[in-house]
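> Mind having a look at this structure? Questions to follow.
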Amino acid sequence: MSLVNVANMIVLDNPAPFGNPLQFEITFECLQPLEDDLEWKVVYVGSAENSSYDQTLDEILVGPVPVGVNKFILQADPPNPSSIPQNDILGVTVILVTCSYREREFVRVGYYVNNEYSEEYSEETGPPMPLDMNKVVRTILADKPRVTRFQINWGDLSQEKEEQDESRQQQQQDIMMSSNSHVGFGSPIPQDAPATDTTMIPTE
């Protein structure tokens, strides 16, 4: 059972110029006292083809967290356009808001983002390059967030370490038993924290 549940997330200042800060009003419920802070992170996906262009826009610690319903505004700097391929600035991409406890992600909220050039341009030649970023408008599709929750160990660290060691040993045994096994690495989700639910949350 998760001890922290995100109840609502509202995107503020939307639509907005590309260079404006991103703002999210987050409401969450804490069911039991927590020994450590919650880590919230905002990530901008710079290119769908290469994760090396992902930008972590902000990381903050929230705590101590009282039991009950809590609300705060998470504000992050806009992405650095010079770190995004020119051909990927305009069009649709993704912004992720994640929350972790003891370095373990337990919830991820994803939004589609559409960046458009505010001036008309020829479809054949495209917008002028390099782009004038003052003319790029960012629209977050705030009414369609995708929420993914992961199971984590909310208990003591000693028990958590034992479970990690057992899981590691089991994985090594499985690999040794199969000489033809291929291990793939996708999104950075701990092996002992499988995704358990992908749902929508209210937006207002």
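Chain labels follow the order of the structure tokens: the first chain is A, the next B, and so on; residue numbering restarts at 1 in every chain, and ligands are counted from 1 in their shown order.
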Do you have, as CSV, the list of residues of region 126-146 of chain A lying at most 9 Å from region 96-110 of chain A, each with its nearest atom pair and that distance in Å to one decimal, counting only C-alpha atoms and ordered by chain then number?

residue,atom,partner,partner_atom,distance
A:Lys144,CA,A:Gly110,CA,8.8
A:Pro145,CA,A:Gly110,CA,5.6
A:Arg146,CA,A:Gly110,CA,5.1
> Could you take the residues named above and write them with N, CA and C atoms, as an mmCIF file, in the first residue's frame?

data_model
loop_
_atom_site.group_PDB
_atom_site.id
_atom_site.type_symbol
_atom_site.label_atom_id
_atom_site.label_comp_id
_atom_site.auth_asym_id
_atom_site.auth_seq_id
_atom_site.Cartn_x
_atom_site.Cartn_y
_atom_site.Cartn_z
ATOM 1 N N LYS A 144 -5.243 15.578 -19.912
ATOM 2 C CA LYS A 144 -5.009 14.162 -20.184
ATOM 3 C C LYS A 144 -3.683 13.678 -19.594
ATOM 4 N N PRO A 145 -3.523 13.805 -18.270
ATOM 5 C CA PRO A 145 -2.283 13.281 -17.666
ATOM 6 C C PRO A 145 -2.309 11.758 -17.623
ATOM 7 N N ARG A 146 -1.144 11.163 -17.723
ATOM 8 C CA ARG A 146 -1.014 9.713 -17.588
ATOM 9 C C ARG A 146 -0.228 9.430 -16.313
#
> So which residues touch region 120-123 of chain A within 12 Å, counting only C-alpha atoms, skipping near sequence neighbours fewer than 5 positions away, as number ranges by chain?
A: 128-129, 131, 135-136
> Please produce a file of the residues just selected, as a PDB file, in the first residue's frame, where the atoms kept are all heavy atoms.

ATOM      1  N   PRO A 128      11.732  29.828 -39.774  1.00  0.00           N
ATOM      2  CA  PRO A 128      13.116  30.301 -39.935  1.00  0.00           C
ATOM      3  C   PRO A 128      14.037  29.671 -38.899  1.00  0.00           C
ATOM      4  O   PRO A 128      13.669  29.495 -37.740  1.00  0.00           O
ATOM      5  CB  PRO A 128      12.995  31.814 -39.736  1.00  0.00           C
ATOM      6  CG  PRO A 128      11.744  31.999 -38.929  1.00  0.00           C
ATOM      7  CD  PRO A 128      10.820  30.916 -39.365  1.00  0.00           C
ATOM      8  N   MET A 129      15.228  29.308 -39.350  1.00  0.00           N
ATOM      9  CA  MET A 129      16.222  28.706 -38.470  1.00  0.00           C
ATOM     10  C   MET A 129      17.437  29.631 -38.353  1.00  0.00           C
ATOM     11  O   MET A 129      17.871  30.192 -39.356  1.00  0.00           O
ATOM     12  CB  MET A 129      16.650  27.339 -39.006  1.00  0.00           C
ATOM     13  CG  MET A 129      15.560  26.292 -38.947  1.00  0.00           C
ATOM     14  SD  MET A 129      15.187  25.827 -37.239  1.00  0.00           S
ATOM     15  CE  MET A 129      13.916  24.573 -37.498  1.00  0.00           C
ATOM     16  N   LEU A 131      15.499  29.071 -34.644  1.00  0.00           N
ATOM     17  CA  LEU A 131      14.192  29.532 -34.184  1.00  0.00           C
ATOM     18  C   LEU A 131      14.322  30.727 -33.245  1.00  0.00           C
ATOM     19  O   LEU A 131      15.252  30.801 -32.437  1.00  0.00           O
ATOM     20  CB  LEU A 131      13.471  28.405 -33.442  1.00  0.00           C
ATOM     21  CG  LEU A 131      12.999  27.210 -34.273  1.00  0.00           C
ATOM     22  CD1 LEU A 131      12.514  26.098 -33.344  1.00  0.00           C
ATOM     23  CD2 LEU A 131      11.892  27.622 -35.220  1.00  0.00           C
ATOM     24  N   LYS A 135       9.088  33.419 -29.946  1.00  0.00           N
ATOM     25  CA  LYS A 135       7.869  33.218 -30.720  1.00  0.00           C
ATOM     26  C   LYS A 135       7.337  31.787 -30.608  1.00  0.00           C
ATOM     27  O   LYS A 135       6.426  31.400 -31.340  1.00  0.00           O
ATOM     28  CB  LYS A 135       8.130  33.571 -32.189  1.00  0.00           C
ATOM     29  CG  LYS A 135       8.518  35.037 -32.389  1.00  0.00           C
ATOM     30  CD  LYS A 135       8.822  35.338 -33.841  1.00  0.00           C
ATOM     31  CE  LYS A 135       9.225  36.808 -34.024  1.00  0.00           C
ATOM     32  NZ  LYS A 135       9.560  37.135 -35.419  1.00  0.00           N
ATOM     33  N   VAL A 136       7.918  31.006 -29.722  1.00  0.00           N
ATOM     34  CA  VAL A 136       7.470  29.624 -29.514  1.00  0.00           C
ATOM     35  C   VAL A 136       6.524  29.584 -28.309  1.00  0.00           C
ATOM     36  O   VAL A 136       6.860  30.073 -27.224  1.00  0.00           O
ATOM     37  CB  VAL A 136       8.664  28.674 -29.280  1.00  0.00           C
ATOM     38  CG1 VAL A 136       8.177  27.256 -28.998  1.00  0.00           C
ATOM     39  CG2 VAL A 136       9.586  28.681 -30.491  1.00  0.00           C
TER      40      VAL A 136
END
> Interatomic distance between CA of Asn8 (chain A) and CA of Val147 (chain A)?
10.9 Å
> Could you please write out, as a list in words, every residue of region 67-103 of chain A that DSSP assigns to strand (DSSP E or B)?
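Here are the strand (DSSP E or B) residues of region 67-103 of chain A: Gly68, Val69, Asn70, Lys71, Phe72, Ile73, Leu74, Gln75, Ala76, Gly91, Val92, Thr93, Val94, Ile95, Leu96, Val97, Thr98, Cys99, Ser100 and Tyr101 of chain A.
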> Store the residues of this selection in a file with N, CA, C and O atoms, as a compact mmCIF listing (two decimals), in the first residue's frame.

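Result file follows (again33.txt):
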# COMPACT_ATOMS: atom_id res chain seq x y z
N GLY A 68 -2.12 13.64 6.35
CA GLY A 68 -3.30 14.34 5.86
C GLY A 68 -3.09 14.85 4.46
O GLY A 68 -2.19 14.41 3.74
N VAL A 69 -3.94 15.79 4.06
CA VAL A 69 -3.90 16.35 2.71
C VAL A 69 -2.94 17.53 2.68
O VAL A 69 -3.00 18.43 3.52
N ASN A 70 -2.03 17.54 1.71
CA ASN A 70 -1.04 18.60 1.55
C ASN A 70 -1.12 19.17 0.14
O ASN A 70 -1.43 18.46 -0.82
N LYS A 71 -0.80 20.46 0.02
CA LYS A 71 -0.83 21.12 -1.29
C LYS A 71 0.35 22.07 -1.39
O LYS A 71 0.70 22.76 -0.43
N PHE A 72 1.00 22.09 -2.55
CA PHE A 72 2.09 23.03 -2.80
C PHE A 72 2.21 23.27 -4.30
O PHE A 72 1.64 22.53 -5.11
N ILE A 73 2.96 24.31 -4.67
CA ILE A 73 3.20 24.62 -6.08
C ILE A 73 4.64 24.26 -6.40
O ILE A 73 5.58 24.76 -5.78
N LEU A 74 4.79 23.39 -7.38
CA LEU A 74 6.11 22.99 -7.87
C LEU A 74 6.43 23.82 -9.11
O LEU A 74 5.74 23.74 -10.12
N GLN A 75 7.48 24.65 -9.01
CA GLN A 75 7.87 25.51 -10.13
C GLN A 75 9.25 25.11 -10.61
O GLN A 75 10.17 24.91 -9.82
N ALA A 76 9.40 25.00 -11.92
CA ALA A 76 10.67 24.59 -12.52
C ALA A 76 11.03 25.54 -13.65
O ALA A 76 10.17 26.11 -14.32
N GLY A 91 6.60 20.92 -32.13
CA GLY A 91 5.88 19.66 -32.20
C GLY A 91 5.55 19.13 -30.81
O GLY A 91 5.54 19.88 -29.83
N VAL A 92 5.29 17.84 -30.74
CA VAL A 92 4.81 17.22 -29.50
C VAL A 92 5.95 16.52 -28.78
O VAL A 92 6.75 15.80 -29.39
N THR A 93 6.01 16.73 -27.48
CA THR A 93 6.96 16.01 -26.62
C THR A 93 6.27 15.72 -25.29
O THR A 93 5.04 15.76 -25.20
N VAL A 94 7.06 15.40 -24.26
CA VAL A 94 6.49 14.96 -22.98
C VAL A 94 7.20 15.66 -21.83
O VAL A 94 8.42 15.88 -21.88
N ILE A 95 6.43 16.00 -20.79
CA ILE A 95 6.98 16.46 -19.52
C ILE A 95 6.56 15.46 -18.44
O ILE A 95 5.40 15.02 -18.40
N LEU A 96 7.51 15.07 -17.60
CA LEU A 96 7.26 14.12 -16.52
C LEU A 96 7.42 14.80 -15.17
O LEU A 96 8.38 15.54 -14.95
N VAL A 97 6.48 14.55 -14.28
CA VAL A 97 6.59 14.95 -12.88
C VAL A 97 6.63 13.67 -12.06
O VAL A 97 5.69 12.87 -12.11
N THR A 98 7.73 13.46 -11.33
CA THR A 98 7.88 12.22 -10.58
C THR A 98 8.06 12.52 -9.10
O THR A 98 8.48 13.62 -8.71
N CYS A 99 7.74 11.52 -8.28
CA CYS A 99 7.98 11.65 -6.84
C CYS A 99 8.61 10.35 -6.35
O CYS A 99 8.19 9.24 -6.72
N SER A 100 9.64 10.52 -5.50
CA SER A 100 10.38 9.37 -4.96
C SER A 100 10.49 9.48 -3.45
O SER A 100 10.45 10.58 -2.89
N TYR A 101 10.64 8.31 -2.84
CA TYR A 101 10.88 8.25 -1.39
C TYR A 101 12.09 7.34 -1.17
O TYR A 101 12.11 6.21 -1.64
> Quick one: distance from CA of Gln86 (chain A) to CA of Tyr117 (chain A) in Å, one decimal?
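Straight-line distance from CA of Gln86 (chain A) to CA of Tyr117 (chain A) works out to 12.8 Å.
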> Smallest atom-to-atom distance to Asp132 (chain A): which of A:Ser82, A:Asn114, A:Thr148, A:Gln23, using only C-alpha atoms?
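Nearest to Asp132 (chain A): A:Ser82.
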> Quick one, how far is CA of Ala16 (chain A) from CA of Tyr53 (chain A)?
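CA of Tyr53 (chain A) lies 22.0 Å from CA of Ala16 (chain A).
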> Between A:Pro130, A:Pro79, A:Pro33, A:Asp88, single out the one closest to Asn50 (chain A), counting only C-alpha atoms.
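Among the listed residues, A:Asp88 lies closest to Asn50 (chain A).
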> Please identify the helix (DSSP H, G or I) residues within region 2-174 of chain A (assignment by DSSP from backbone atoms) and present them as a VMD selection string.
chain A and resid 51 to 53 81 to 83 86 to 89 133 to 135 157 to 174
> Tell me which of A:Glu124, A:Asp143, A:Pro85, A:Phe150 sits closest to Glu49 (chain A), counting only C-alpha atoms.
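Of A:Glu124, A:Asp143, A:Pro85, A:Phe150, the one nearest Glu49 (chain A), counting only C-alpha atoms, is A:Pro85.
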